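**Student:** Quick one, final.cif (mmCIF, N, CA and C atoms and all ligand atoms):
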```cif
data_data
#
loop_
_atom_site.group_PDB
_atom_site.id
_atom_site.type_symbol
_atom_site.label_atom_id
_atom_site.label_comp_id
_atom_site.auth_asym_id
_atom_site.auth_seq_id
_atom_site.Cartn_x
_atom_site.Cartn_y
_atom_site.Cartn_z
ATOM 1 N N MET A 1 1.078 -26.584 3.222
ATOM 2 C CA MET A 1 1.841 -25.379 3.502
ATOM 3 C C MET A 1 2.214 -24.713 2.182
ATOM 4 N N SER A 2 1.959 -23.416 2.080
ATOM 5 C CA SER A 2 2.277 -22.713 0.839
ATOM 6 C C SER A 2 3.746 -22.323 0.805
ATOM 7 N N ASP A 3 4.218 -22.041 -0.410
ATOM 8 C CA ASP A 3 5.609 -21.635 -0.578
ATOM 9 C C ASP A 3 5.768 -20.152 -0.280
ATOM 10 N N TRP A 4 6.990 -19.782 0.004
ATOM 11 C CA TRP A 4 7.321 -18.362 0.140
ATOM 12 C C TRP A 4 7.306 -17.741 -1.255
ATOM 13 N N ILE A 5 6.777 -16.531 -1.362
ATOM 14 C CA ILE A 5 6.806 -15.839 -2.652
ATOM 15 C C ILE A 5 7.566 -14.525 -2.517
ATOM 16 N N HIS A 6 8.305 -14.224 -3.563
ATOM 17 C CA HIS A 6 9.085 -12.990 -3.607
ATOM 18 C C HIS A 6 8.145 -11.832 -3.890
ATOM 19 N N VAL A 7 8.227 -10.757 -3.091
ATOM 20 C CA VAL A 7 7.289 -9.644 -3.265
ATOM 21 C C VAL A 7 7.997 -8.307 -3.481
ATOM 22 N N GLY A 8 9.283 -8.336 -3.743
ATOM 23 C CA GLY A 8 9.990 -7.087 -4.029
ATOM 24 C C GLY A 8 11.206 -6.927 -3.153
ATOM 25 N N ARG A 9 11.741 -5.714 -3.187
ATOM 26 C CA ARG A 9 12.941 -5.433 -2.415
ATOM 27 C C ARG A 9 12.612 -4.445 -1.300
ATOM 28 N N PRO A 10 13.287 -4.543 -0.173
ATOM 29 C CA PRO A 10 12.980 -3.645 0.953
ATOM 30 C C PRO A 10 13.047 -2.172 0.583
ATOM 31 N N GLU A 11 13.992 -1.793 -0.271
ATOM 32 C CA GLU A 11 14.158 -0.370 -0.588
ATOM 33 C C GLU A 11 12.997 0.193 -1.415
ATOM 34 N N GLU A 12 12.133 -0.671 -1.925
ATOM 35 C CA GLU A 12 10.942 -0.190 -2.643
ATOM 36 C C GLU A 12 9.900 0.393 -1.697
ATOM 37 N N ILE A 13 10.019 0.074 -0.405
ATOM 38 C CA ILE A 13 8.991 0.485 0.559
ATOM 39 C C ILE A 13 9.668 1.316 1.652
ATOM 40 N N PRO A 14 9.643 2.623 1.515
ATOM 41 C CA PRO A 14 10.262 3.473 2.540
ATOM 42 C C PRO A 14 9.537 3.334 3.885
ATOM 43 N N ALA A 15 10.218 3.716 4.941
ATOM 44 C CA ALA A 15 9.616 3.660 6.287
ATOM 45 C C ALA A 15 8.320 4.459 6.318
ATOM 46 N N GLY A 16 7.310 3.869 6.929
ATOM 47 C CA GLY A 16 6.018 4.538 7.049
ATOM 48 C C GLY A 16 5.119 4.344 5.841
ATOM 49 N N GLN A 17 5.564 3.527 4.879
ATOM 50 C CA GLN A 17 4.745 3.305 3.689
ATOM 51 C C GLN A 17 4.480 1.807 3.488
ATOM 52 N N TYR A 18 3.712 1.501 2.466
ATOM 53 C CA TYR A 18 3.362 0.123 2.208
ATOM 54 C C TYR A 18 3.232 -0.110 0.709
ATOM 55 N N LYS A 19 3.185 -1.376 0.358
ATOM 56 C CA LYS A 19 3.007 -1.791 -1.034
ATOM 57 C C LYS A 19 2.011 -2.941 -1.003
ATOM 58 N N VAL A 20 1.094 -2.979 -1.967
ATOM 59 C CA VAL A 20 0.090 -4.048 -1.987
ATOM 60 C C VAL A 20 0.490 -5.101 -3.010
ATOM 61 N N VAL A 21 0.423 -6.353 -2.601
ATOM 62 C CA VAL A 21 0.733 -7.479 -3.485
ATOM 63 C C VAL A 21 -0.410 -8.486 -3.383
ATOM 64 N N GLU A 22 -0.389 -9.461 -4.280
ATOM 65 C CA GLU A 22 -1.410 -10.503 -4.226
ATOM 66 C C GLU A 22 -0.785 -11.801 -3.746
ATOM 67 N N LEU A 23 -1.446 -12.445 -2.811
ATOM 68 C CA LEU A 23 -0.965 -13.702 -2.243
ATOM 69 C C LEU A 23 -2.139 -14.682 -2.252
ATOM 70 N N ASP A 24 -2.109 -15.667 -3.153
ATOM 71 C CA ASP A 24 -3.194 -16.653 -3.225
ATOM 72 C C ASP A 24 -4.561 -15.975 -3.279
ATOM 73 N N ASP A 25 -4.719 -15.015 -4.188
ATOM 74 C CA ASP A 25 -5.981 -14.284 -4.380
ATOM 75 C C ASP A 25 -6.361 -13.379 -3.213
ATOM 76 N N THR A 26 -5.449 -13.126 -2.320
ATOM 77 C CA THR A 26 -5.692 -12.207 -1.215
ATOM 78 C C THR A 26 -4.802 -10.979 -1.390
ATOM 79 N N GLN A 27 -5.391 -9.795 -1.268
ATOM 80 C CA GLN A 27 -4.600 -8.574 -1.320
ATOM 81 C C GLN A 27 -3.895 -8.401 0.027
ATOM 82 N N VAL A 28 -2.578 -8.227 -0.049
ATOM 83 C CA VAL A 28 -1.764 -8.134 1.166
ATOM 84 C C VAL A 28 -0.949 -6.845 1.100
ATOM 85 N N ALA A 29 -0.950 -6.101 2.179
ATOM 86 C CA ALA A 29 -0.120 -4.893 2.270
ATOM 87 C C ALA A 29 1.175 -5.253 2.990
ATOM 88 N N ILE A 30 2.296 -4.965 2.311
ATOM 89 C CA ILE A 30 3.608 -5.123 2.932
ATOM 90 C C ILE A 30 3.970 -3.761 3.503
ATOM 91 N N VAL A 31 4.129 -3.696 4.798
ATOM 92 C CA VAL A 31 4.281 -2.421 5.498
ATOM 93 C C VAL A 31 5.689 -2.304 6.069
ATOM 94 N N ASN A 32 6.270 -1.129 5.885
ATOM 95 C CA ASN A 32 7.537 -0.818 6.540
ATOM 96 C C ASN A 32 7.232 0.089 7.721
ATOM 97 N N TYR A 33 7.340 -0.451 8.921
ATOM 98 C CA TYR A 33 7.160 0.358 10.119
ATOM 99 C C TYR A 33 8.496 0.438 10.839
ATOM 100 N N ARG A 34 9.097 1.604 10.770
ATOM 101 C CA ARG A 34 10.388 1.872 11.424
ATOM 102 C C ARG A 34 11.452 0.858 11.022
ATOM 103 N N GLY A 35 11.468 0.486 9.737
ATOM 104 C CA GLY A 35 12.512 -0.388 9.220
ATOM 105 C C GLY A 35 12.218 -1.873 9.344
ATOM 106 N N ALA A 36 11.136 -2.228 10.016
ATOM 107 C CA ALA A 36 10.724 -3.636 10.108
ATOM 108 C C ALA A 36 9.548 -3.844 9.149
ATOM 109 N N PHE A 37 9.490 -5.016 8.545
ATOM 110 C CA PHE A 37 8.455 -5.280 7.543
ATOM 111 C C PHE A 37 7.399 -6.230 8.095
ATOM 112 N N TYR A 38 6.155 -5.898 7.791
ATOM 113 C CA TYR A 38 5.006 -6.687 8.228
ATOM 114 C C TYR A 38 4.088 -6.887 7.025
ATOM 115 N N ALA A 39 3.373 -7.989 7.018
ATOM 116 C CA ALA A 39 2.427 -8.268 5.938
ATOM 117 C C ALA A 39 1.045 -8.482 6.545
ATOM 118 N N ILE A 40 0.082 -7.688 6.101
ATOM 119 C CA ILE A 40 -1.280 -7.760 6.653
ATOM 120 C C ILE A 40 -2.279 -7.877 5.519
ATOM 121 N N GLU A 41 -3.376 -8.553 5.804
ATOM 122 C CA GLU A 41 -4.440 -8.637 4.810
ATOM 123 C C GLU A 41 -5.014 -7.244 4.585
ATOM 124 N N ASP A 42 -5.235 -6.906 3.318
ATOM 125 C CA ASP A 42 -5.703 -5.563 2.962
ATOM 126 C C ASP A 42 -7.226 -5.516 2.879
ATOM 127 N N ILE A 43 -7.880 -6.130 3.832
ATOM 128 C CA ILE A 43 -9.351 -6.154 3.864
ATOM 129 C C ILE A 43 -9.809 -5.860 5.293
ATOM 130 N N CYS A 44 -10.649 -4.862 5.426
ATOM 131 C CA CYS A 44 -11.162 -4.498 6.747
ATOM 132 C C CYS A 44 -12.176 -5.533 7.221
ATOM 133 N N THR A 45 -12.064 -5.914 8.485
ATOM 134 C CA THR A 45 -12.994 -6.909 9.035
ATOM 135 C C THR A 45 -14.342 -6.293 9.401
ATOM 136 N N HIS A 46 -14.470 -4.975 9.318
ATOM 137 C CA HIS A 46 -15.773 -4.377 9.614
ATOM 138 C C HIS A 46 -16.747 -4.598 8.470
ATOM 139 N N ASP A 47 -16.358 -4.151 7.261
ATOM 140 C CA ASP A 47 -17.299 -4.265 6.145
ATOM 141 C C ASP A 47 -16.607 -4.531 4.820
ATOM 142 N N GLY A 48 -15.395 -5.070 4.874
ATOM 143 C CA GLY A 48 -14.752 -5.557 3.662
ATOM 144 C C GLY A 48 -14.062 -4.531 2.789
ATOM 145 N N ALA A 49 -13.882 -3.299 3.263
ATOM 146 C CA ALA A 49 -13.192 -2.288 2.453
ATOM 147 C C ALA A 49 -11.699 -2.590 2.394
ATOM 148 N N ARG A 50 -11.053 -2.077 1.346
ATOM 149 C CA ARG A 50 -9.598 -2.126 1.317
ATOM 150 C C ARG A 50 -9.073 -1.235 2.439
ATOM 151 N N LEU A 51 -8.056 -1.718 3.153
ATOM 152 C CA LEU A 51 -7.503 -0.933 4.259
ATOM 153 C C LEU A 51 -6.500 0.108 3.792
ATOM 154 N N THR A 52 -5.879 -0.118 2.649
ATOM 155 C CA THR A 52 -4.862 0.808 2.180
ATOM 156 C C THR A 52 -5.507 2.029 1.535
ATOM 157 N N GLY A 53 -4.753 3.096 1.519
ATOM 158 C CA GLY A 53 -5.224 4.335 0.909
ATOM 159 C C GLY A 53 -4.790 5.541 1.710
ATOM 160 N N LEU A 54 -4.834 5.426 3.029
ATOM 161 C CA LEU A 54 -4.425 6.542 3.883
ATOM 162 C C LEU A 54 -3.008 6.306 4.397
ATOM 163 N N PRO A 55 -2.333 7.381 4.798
ATOM 164 C CA PRO A 55 -1.001 7.201 5.399
ATOM 165 C C PRO A 55 -1.091 6.411 6.710
ATOM 166 N N LEU A 56 -0.029 5.684 7.026
ATOM 167 C CA LEU A 56 0.036 5.017 8.331
ATOM 168 C C LEU A 56 0.052 6.077 9.426
ATOM 169 N N GLU A 57 -0.511 5.716 10.567
ATOM 170 C CA GLU A 57 -0.393 6.568 11.756
ATOM 171 C C GLU A 57 0.340 5.738 12.797
ATOM 172 N N GLU A 58 1.642 6.010 12.903
ATOM 173 C CA GLU A 58 2.552 5.182 13.719
ATOM 174 C C GLU A 58 2.411 3.726 13.264
ATOM 175 N N ASP A 59 2.062 2.809 14.179
ATOM 176 C CA ASP A 59 1.973 1.404 13.777
ATOM 177 C C ASP A 59 0.539 0.996 13.438
ATOM 178 N N GLN A 60 -0.279 1.975 13.080
ATOM 179 C CA GLN A 60 -1.682 1.658 12.782
ATOM 180 C C GLN A 60 -2.035 2.039 11.351
ATOM 181 N N ILE A 61 -2.885 1.196 10.763
ATOM 182 C CA ILE A 61 -3.460 1.522 9.465
ATOM 183 C C ILE A 61 -4.935 1.840 9.713
ATOM 184 N N VAL A 62 -5.421 2.876 9.051
ATOM 185 C CA VAL A 62 -6.768 3.384 9.307
ATOM 186 C C VAL A 62 -7.634 3.082 8.091
ATOM 187 N N CYS A 63 -8.734 2.394 8.318
ATOM 188 C CA CYS A 63 -9.632 2.057 7.211
ATOM 189 C C CYS A 63 -10.233 3.342 6.629
ATOM 190 N N PRO A 64 -10.093 3.534 5.318
ATOM 191 C CA PRO A 64 -10.628 4.763 4.711
ATOM 192 C C PRO A 64 -12.151 4.866 4.788
ATOM 193 N N ARG A 65 -12.863 3.726 4.945
ATOM 194 C CA ARG A 65 -14.323 3.804 4.871
ATOM 195 C C ARG A 65 -14.956 4.336 6.152
ATOM 196 N N HIS A 66 -14.685 3.711 7.301
ATOM 197 C CA HIS A 66 -15.327 4.166 8.542
ATOM 198 C C HIS A 66 -14.335 4.443 9.672
ATOM 199 N N GLY A 67 -13.042 4.336 9.388
ATOM 200 C CA GLY A 67 -12.052 4.777 10.367
ATOM 201 C C GLY A 67 -11.576 3.763 11.386
ATOM 202 N N ALA A 68 -11.920 2.495 11.240
ATOM 203 C CA ALA A 68 -11.372 1.496 12.171
ATOM 204 C C ALA A 68 -9.855 1.465 12.030
ATOM 205 N N ARG A 69 -9.197 1.153 13.115
ATOM 206 C CA ARG A 69 -7.731 1.099 13.118
ATOM 207 C C ARG A 69 -7.274 -0.309 13.460
ATOM 208 N N PHE A 70 -6.188 -0.698 12.794
ATOM 209 C CA PHE A 70 -5.579 -2.003 13.046
ATOM 210 C C PHE A 70 -4.086 -1.805 13.255
ATOM 211 N N CYS A 71 -3.504 -2.593 14.147
ATOM 212 C CA CYS A 71 -2.064 -2.574 14.355
ATOM 213 C C CYS A 71 -1.398 -3.347 13.218
ATOM 214 N N VAL A 72 -0.452 -2.718 12.524
ATOM 215 C CA VAL A 72 0.204 -3.399 11.401
ATOM 216 C C VAL A 72 1.175 -4.468 11.877
ATOM 217 N N ARG A 73 1.600 -4.390 13.151
ATOM 218 C CA ARG A 73 2.553 -5.389 13.666
ATOM 219 C C ARG A 73 1.849 -6.676 14.071
ATOM 220 N N THR A 74 0.597 -6.557 14.541
ATOM 221 C CA THR A 74 -0.091 -7.725 15.099
ATOM 222 C C THR A 74 -1.391 -8.066 14.373
ATOM 223 N N GLY A 75 -1.936 -7.125 13.595
ATOM 224 C CA GLY A 75 -3.238 -7.323 12.957
ATOM 225 C C GLY A 75 -4.405 -7.046 13.883
ATOM 226 N N LYS A 76 -4.119 -6.675 15.113
ATOM 227 C CA LYS A 76 -5.186 -6.487 16.100
ATOM 228 C C LYS A 76 -6.081 -5.307 15.731
ATOM 229 N N ALA A 77 -7.385 -5.511 15.843
ATOM 230 C CA ALA A 77 -8.341 -4.423 15.675
ATOM 231 C C ALA A 77 -8.234 -3.535 16.909
ATOM 232 N N VAL A 78 -7.900 -2.253 16.689
ATOM 233 C CA VAL A 78 -7.614 -1.349 17.805
ATOM 234 C C VAL A 78 -8.828 -0.508 18.169
ATOM 235 N N THR A 79 -9.601 -0.103 17.153
ATOM 236 C CA THR A 79 -10.768 0.738 17.448
ATOM 237 C C THR A 79 -11.980 0.260 16.656
ATOM 238 N N ALA A 80 -13.152 0.580 17.209
ATOM 239 C CA ALA A 80 -14.409 0.345 16.503
ATOM 240 C C ALA A 80 -14.413 1.188 15.229
ATOM 241 N N PRO A 81 -15.206 0.807 14.244
ATOM 242 C CA PRO A 81 -16.244 -0.229 14.296
ATOM 243 C C PRO A 81 -15.761 -1.639 13.948
ATOM 244 N N ALA A 82 -14.459 -1.886 13.912
ATOM 245 C CA ALA A 82 -13.980 -3.255 13.670
ATOM 246 C C ALA A 82 -13.629 -3.899 15.019
ATOM 247 N N TYR A 83 -14.008 -5.135 15.179
ATOM 248 C CA TYR A 83 -13.721 -5.858 16.424
ATOM 249 C C TYR A 83 -12.937 -7.135 16.165
ATOM 250 N N GLN A 84 -12.880 -7.556 14.908
ATOM 251 C CA GLN A 84 -12.157 -8.775 14.553
ATOM 252 C C GLN A 84 -10.810 -8.403 13.947
ATOM 253 N N ASP A 85 -9.756 -9.092 14.374
ATOM 254 C CA ASP A 85 -8.412 -8.806 13.869
ATOM 255 C C ASP A 85 -8.299 -9.187 12.390
ATOM 256 N N ILE A 86 -7.318 -8.591 11.717
ATOM 257 C CA ILE A 86 -7.016 -8.972 10.335
ATOM 258 C C ILE A 86 -5.902 -10.018 10.344
ATOM 259 N N ASP A 87 -5.800 -10.769 9.252
ATOM 260 C CA ASP A 87 -4.736 -11.773 9.147
ATOM 261 C C ASP A 87 -3.388 -11.097 8.922
ATOM 262 N N CYS A 88 -2.366 -11.692 9.517
ATOM 263 C CA CYS A 88 -0.979 -11.274 9.298
ATOM 264 C C CYS A 88 -0.237 -12.455 8.683
ATOM 265 N N PHE A 89 0.796 -12.159 7.939
ATOM 266 C CA PHE A 89 1.559 -13.210 7.261
ATOM 267 C C PHE A 89 3.038 -13.059 7.601
ATOM 268 N N PRO A 90 3.761 -14.184 7.651
ATOM 269 C CA PRO A 90 5.191 -14.096 7.948
ATOM 270 C C PRO A 90 5.951 -13.436 6.804
ATOM 271 N N VAL A 91 6.955 -12.657 7.183
ATOM 272 C CA VAL A 91 7.821 -11.951 6.225
ATOM 273 C C VAL A 91 9.263 -12.364 6.483
ATOM 274 N N GLU A 92 9.986 -12.623 5.418
ATOM 275 C CA GLU A 92 11.425 -12.866 5.524
ATOM 276 C C GLU A 92 12.159 -11.900 4.607
ATOM 277 N N ILE A 93 13.300 -11.413 5.084
ATOM 278 C CA ILE A 93 14.187 -10.611 4.231
ATOM 279 C C ILE A 93 15.373 -11.494 3.870
ATOM 280 N N ARG A 94 15.501 -11.761 2.583
ATOM 281 C CA ARG A 94 16.615 -12.578 2.094
ATOM 282 C C ARG A 94 17.533 -11.695 1.243
ATOM 283 N N ASP A 95 18.631 -12.265 0.798
ATOM 284 C CA ASP A 95 19.595 -11.490 0.010
ATOM 285 C C ASP A 95 18.949 -10.867 -1.227
ATOM 286 N N ASP A 96 17.990 -11.560 -1.826
ATOM 287 C CA ASP A 96 17.382 -11.047 -3.058
ATOM 288 C C ASP A 96 16.033 -10.371 -2.821
ATOM 289 N N GLY A 97 15.661 -10.104 -1.587
ATOM 290 C CA GLY A 97 14.453 -9.320 -1.375
ATOM 291 C C GLY A 97 13.538 -9.843 -0.286
ATOM 292 N N LEU A 98 12.300 -9.354 -0.337
ATOM 293 C CA LEU A 98 11.283 -9.686 0.663
ATOM 294 C C LEU A 98 10.460 -10.886 0.207
ATOM 295 N N TYR A 99 10.141 -11.749 1.143
ATOM 296 C CA TYR A 99 9.301 -12.913 0.866
ATOM 297 C C TYR A 99 8.185 -12.972 1.901
ATOM 298 N N ILE A 100 7.012 -13.389 1.450
ATOM 299 C CA ILE A 100 5.918 -13.647 2.383
ATOM 300 C C ILE A 100 5.336 -15.024 2.077
ATOM 301 N N ARG A 101 4.579 -15.519 3.032
ATOM 302 C CA ARG A 101 4.006 -16.863 2.881
ATOM 303 C C ARG A 101 2.608 -16.867 3.477
ATOM 304 N N ASP A 102 1.702 -17.566 2.818
ATOM 305 C CA ASP A 102 0.337 -17.701 3.327
ATOM 306 C C ASP A 102 0.305 -18.865 4.320
ATOM 307 N N ASN A 103 0.194 -18.545 5.593
ATOM 308 C CA ASN A 103 0.230 -19.582 6.635
ATOM 309 C C ASN A 103 -1.153 -19.827 7.248
ATOM 310 N N ARG A 104 -2.201 -19.361 6.559
ATOM 311 C CA ARG A 104 -3.540 -19.475 7.159
ATOM 312 C C ARG A 104 -4.034 -20.900 7.269
ATOM 313 N N TRP A 105 -3.485 -21.808 6.459
ATOM 314 C CA TRP A 105 -3.994 -23.177 6.491
ATOM 315 C C TRP A 105 -2.911 -24.171 6.875
ATOM 316 N N ASP A 106 -1.879 -23.695 7.561
ATOM 317 C CA ASP A 106 -0.791 -24.611 8.005
ATOM 318 C C ASP A 106 -1.345 -25.634 8.981
HETATM 319 S S1 LIG A 201 -15.224 -1.046 6.311
HETATM 320 FE FE1 LIG A 201 -13.468 -0.533 7.495
HETATM 321 S S2 LIG A 201 -14.259 0.555 9.204
HETATM 322 FE FE2 LIG A 201 -15.981 0.000 8.045
#
```
Please express the file's structure as structure tokens.
**Tutor:**
Amino acid sequence: MSDWIHVGRPEEIPAGQYKVVELDDTQVAIVNYRGAFYAIEDICTHDGARLTGLPLEEDQIVCPRHGARFCVRTGKAVTAPAYQDIDCFPVEIRDDGLYIRDNRWD
């Protein structure tokens, strides 16, 4: 089980925006959707493009390369051409900021 890592403070990420951090060599987008924070892998399951770059559309992130959409709350692939979900990571808000943890191999 990996440790929790500090990735910044909530006020650094306004609602509707995201910040990219590195977690065990994986690019992860920390997303603020309506005041709740989610952590998603920043790699499209269609063809490996970075998912970040475009503004969020409600709770969806849109791949800049071919337009697949993923839910930032669940990682679910919402539209073609992606059919495989992206990884999501647990987020905690503590007194000193935001923490995420890589739980893929728990
Ligand atoms: S690489 Fe993301 S939709 Fe094709």
**Student:** As a quick test: using all atoms listed in the file, which residues lie no more than 7 Å away from ligand LIG 201 (chain A)? Give them as a VMD selection string.
**Tutor:** chain A and resid 43 to 51 62 to 69 80 to 82
**Student:** Neighbours of Asp95 (chain A) within 12 Å (only C-alpha atoms; same-chain residues fewer than 6 positions away dropped), as JSON, numbers by chain?
**Tutor:** {"A": [6, 8, 9, 10]}
**Student:** Pick from A:Ile100, A:Ile5, A:Leu54, A:Ala39: nearest to Asp87 (chain A), with all atoms listed in the file counted?
**Tutor:**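 Of all the options, A:Ala39 lies closest to Asp87 (chain A).
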**Student:** Pick out the residues sitting within 7 Å of Ala15 (chain A), and hand them over as a compact mmCIF listing (two decimals) with N, CA and C atoms, keeping the file's coordinate frame; count all atoms listed in the file, and ignore anything fewer than 5 positions along from it in its own chain.
**Tutor:**
```txt
# COMPACT_ATOMS: atom_id res chain seq x y z
N ASN A 32 6.27 -1.13 5.88
CA ASN A 32 7.54 -0.82 6.54
C ASN A 32 7.23 0.09 7.72
N TYR A 33 7.34 -0.45 8.92
CA TYR A 33 7.16 0.36 10.12
C TYR A 33 8.50 0.44 10.84
N ARG A 34 9.10 1.60 10.77
CA ARG A 34 10.39 1.87 11.42
C ARG A 34 11.45 0.86 11.02
N GLY A 35 11.47 0.49 9.74
CA GLY A 35 12.51 -0.39 9.22
C GLY A 35 12.22 -1.87 9.34
```
**Student:** Using only C-alpha atoms, which of A:Ile40, A:Val91, A:Trp105, A:Ser2 sits nearest Thr74 (chain A)?
**Tutor:**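 Among A:Ile40, A:Val91, A:Trp105, A:Ser2, it is A:Ile40 that comes nearest to Thr74 (chain A).
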**Student:** Rank A:Ile30, A:Lys19, A:Asn103, A:Tyr38 by their smallest atom-to-atom distance to Arg73 (chain A), using only N, CA and C atoms, and report the top residue only.
**Tutor:**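 Distance minimum relative to Arg73 (chain A) lands on A:Tyr38.
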**Student:** In terms of the shortest atom-to-atom distance over only N, CA and C atoms, which of A:Gly16, A:Gly97, A:Gly75, A:Gly53 is closest to Ala36 (chain A)?
**Tutor:**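 With only N, CA and C atoms as the atom set, the closest residue is A:Gly16.
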